[in-house]
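S.K.: Let me begin by handing over the structure; questions about it come next.
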Amino acid sequence: MKNLFLFCILLVFLAAFYTFSSGKTLAAPPVKKSRFIHRQGAALVVGKKEKVWLKGVSFGNEVWTNNPVPVTHHTKEDFRRVAAMGMNTVRFYLNYLTFEDNHAPYTYKQSGWDWLNQNIAWAKKNNIYLILNIHVPPGGFQSNGQGGALWNNPENQKRLKALWHNIAKRYAQEPTIVGYDLLNEPVVTQSIRQWQQLAQQLADTIRQADTNHLLIVERLNAVNNNWNNVNADQNFFLINDPNTLYTFHFYLPFTYTHQHATWAKMGDGGKYPDETHREQKNLVRNKAYLAHQLEQFLAFGRKNNVPLYLGEFGLIKNCFEPGKGGIQWVSDMVDLLKQHQVHFTYHVYHEDNFGIYAGYGKPVDPAKANFPLIDLFKQKLK
């Protein structure tokens, strides 16, 4: 045995001597598979071939009330509940005020980083991916028509770029994070070009600090609050970055999904499905209607061979009343998304209007849950 060991050592020595003297290089050891989710054509993969389907829910984090550290919104137990529904992803809404104050721009608060670090640890423990989304940027939340200062004041764009750069620098090596969702529901003041330029600038800024993570770019939602200003590509556009996921939101038919929403001035929106109700283009309100409306977005993905992500879809609580058909709408949507392998996060986990759990501003109460919806996700996503 001793002689065999010495013989093996001699062979290793001779091989090394031959390599050195001949100038030849021995084959390198196999490259470790990437730990980060990345784009491969129209798919998302880990490593070289392992496909990933992102399926999850959004954590609203009370961004609409400007609560910088919303510790009552969720705990580590809620990440476990997300995993129990068969989900693997949380779209994590961020308000810029979590990280900096308007009276002290570019001075980032340790309390914000500590809170985000805690959530990353909770997500990791439950095998949940995080998508970081700037939901409220400097200049204001976009969707309510009061975010024009982002586009009209260059200082706000500068602050947004600096914030993303600092986030990317801190978390460049963190594989629990899927990617950076640059801006929620952009609504520009003049033209789509404003968002195209800012999106590219944000991408370039992030790439100075982080080349590992996906960038997530949403289609333009509106120009000067005109949500019907849509081009042939549904206001999608490509940016100059090969590792980008393109995203959109879906709340159709809007009169149904937002029925009795006071902020949208909506009344009763009927039921789903409804074979007697006609939507745009004389389409009946049913699963075929949903498929037709989704197709408008899917076409962009096929045309450009890029992956698509439905960042938000969901129903106001009134749709889950008896006879309204909310569970069927969600069921049909999940079926269609699975069929087309569209990545998705349901809006939203904890909130009074759209939440799976009600009780905005208070700790999650397991008794205040939409149990039929939770059961549906468990059935569809396990």
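Each chain of the structure tokens is named A, B, ... in the order shown, its residues numbered from 1; ligands are numbered from 1 in display order.
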As a PDB file with N, CA and C atoms, in the first residue's frame, please: the residues near Gly60 (chain A) (cut-off 10 Å, only C-alpha atoms, same-chain neighbours under 5 positions excluded).
M.R.:
ATOM      1  N   PRO A  70     -41.681  49.403   7.973  1.00  0.00           N
ATOM      2  CA  PRO A  70     -43.000  48.859   8.330  1.00  0.00           C
ATOM      3  C   PRO A  70     -42.914  47.504   9.016  1.00  0.00           C
ATOM      4  N   HIS A  73     -45.944  44.992   9.030  1.00  0.00           N
ATOM      5  CA  HIS A  73     -46.529  44.468   7.799  1.00  0.00           C
ATOM      6  C   HIS A  73     -46.404  42.958   7.699  1.00  0.00           C
ATOM      7  N   HIS A  74     -45.265  42.414   8.117  1.00  0.00           N
ATOM      8  CA  HIS A  74     -45.038  40.969   8.054  1.00  0.00           C
ATOM      9  C   HIS A  74     -43.884  40.607   8.978  1.00  0.00           C
ATOM     10  N   VAL A  90     -41.195  36.691  -3.725  1.00  0.00           N
ATOM     11  CA  VAL A  90     -41.890  37.863  -3.188  1.00  0.00           C
ATOM     12  C   VAL A  90     -41.385  39.098  -3.916  1.00  0.00           C
ATOM     13  N   ARG A  91     -42.327  39.834  -4.500  1.00  0.00           N
ATOM     14  CA  ARG A  91     -41.998  41.161  -5.039  1.00  0.00           C
ATOM     15  C   ARG A  91     -42.064  42.129  -3.861  1.00  0.00           C
ATOM     16  N   PHE A  92     -40.932  42.742  -3.556  1.00  0.00           N
ATOM     17  CA  PHE A  92     -40.750  43.465  -2.313  1.00  0.00           C
ATOM     18  C   PHE A  92     -40.762  44.959  -2.591  1.00  0.00           C
ATOM     19  N   TYR A  93     -41.911  45.619  -2.253  1.00  0.00           N
ATOM     20  CA  TYR A  93     -42.080  47.032  -2.558  1.00  0.00           C
ATOM     21  C   TYR A  93     -41.196  47.880  -1.639  1.00  0.00           C
ATOM     22  N   LEU A  94     -40.559  48.884  -2.228  1.00  0.00           N
ATOM     23  CA  LEU A  94     -39.689  49.783  -1.482  1.00  0.00           C
ATOM     24  C   LEU A  94     -40.104  51.233  -1.704  1.00  0.00           C
ATOM     25  N   ASN A  95     -40.072  51.995  -0.633  1.00  0.00           N
ATOM     26  CA  ASN A  95     -40.253  53.434  -0.671  1.00  0.00           C
ATOM     27  C   ASN A  95     -38.883  54.056  -0.435  1.00  0.00           C
ATOM     28  N   HIS A 135     -41.106  51.177  -5.539  1.00  0.00           N
ATOM     29  CA  HIS A 135     -42.519  51.449  -5.753  1.00  0.00           C
ATOM     30  C   HIS A 135     -42.825  52.940  -5.615  1.00  0.00           C
ATOM     31  N   HIS A 347     -50.858  40.505  -6.577  1.00  0.00           N
ATOM     32  CA  HIS A 347     -50.977  41.718  -5.773  1.00  0.00           C
ATOM     33  C   HIS A 347     -52.232  41.618  -4.907  1.00  0.00           C
ATOM     34  N   VAL A 348     -52.103  41.494  -3.616  1.00  0.00           N
ATOM     35  CA  VAL A 348     -50.960  41.745  -2.788  1.00  0.00           C
ATOM     36  C   VAL A 348     -51.146  40.903  -1.524  1.00  0.00           C
ATOM     37  N   TYR A 349     -50.136  40.772  -0.689  1.00  0.00           N
ATOM     38  CA  TYR A 349     -50.192  39.859   0.446  1.00  0.00           C
ATOM     39  C   TYR A 349     -51.013  40.400   1.615  1.00  0.00           C
ATOM     40  N   HIS A 350     -50.733  41.621   2.070  1.00  0.00           N
ATOM     41  CA  HIS A 350     -51.338  42.126   3.311  1.00  0.00           C
ATOM     42  C   HIS A 350     -51.803  43.567   3.092  1.00  0.00           C
ATOM     43  N   GLU A 351     -53.114  43.711   2.878  1.00  0.00           N
ATOM     44  CA  GLU A 351     -53.680  45.032   2.599  1.00  0.00           C
ATOM     45  C   GLU A 351     -55.194  44.871   2.568  1.00  0.00           C
ATOM     46  N   GLY A 355     -55.660  42.579  -0.489  1.00  0.00           N
ATOM     47  CA  GLY A 355     -54.801  41.669   0.246  1.00  0.00           C
ATOM     48  C   GLY A 355     -55.354  40.266   0.437  1.00  0.00           C
ATOM     49  N   TYR A 360     -54.658  46.367   7.236  1.00  0.00           N
ATOM     50  CA  TYR A 360     -53.568  47.273   6.872  1.00  0.00           C
ATOM     51  C   TYR A 360     -53.079  48.057   8.086  1.00  0.00           C
TER      52      TYR A 360
END
S.K.: Assign secondary structure with DSSP using the backbone only, and return the residues of region 215-251 of chain A in strand (DSSP E or B) as a VMD selection string.
M.R.: chain A and resid 215 to 218 222 to 223 226 244 to 250
S.K.: Check the smallest atom-to-atom distance from each of A:Lys124, A:Asn229, A:Phe377, A:Asp268 to Lys324 (chain A) using only C-alpha atoms, then report the winner.
M.R.: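 The shortest atom-to-atom distance to Lys324 (chain A) comes from A:Asp268.
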S.K.: Write out as a ChimeraX atom specification all residues of region 145-382 of chain A that DSSP puts in alpha helix (DSSP H) for this structure's backbone.
M.R.: /A:149-152,154-171,192-207,254-257,287-304,326-339,371-381
S.K.: Identify which of the residues A:Ala83, A:Val187, A:Ile37, A:Leu215 lies closest to Gly145 (chain A), counting only C-alpha atoms when measuring atom-to-atom distances.
M.R.: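 Among A:Ala83, A:Val187, A:Ile37, A:Leu215, it is A:Val187 that comes nearest to Gly145 (chain A).
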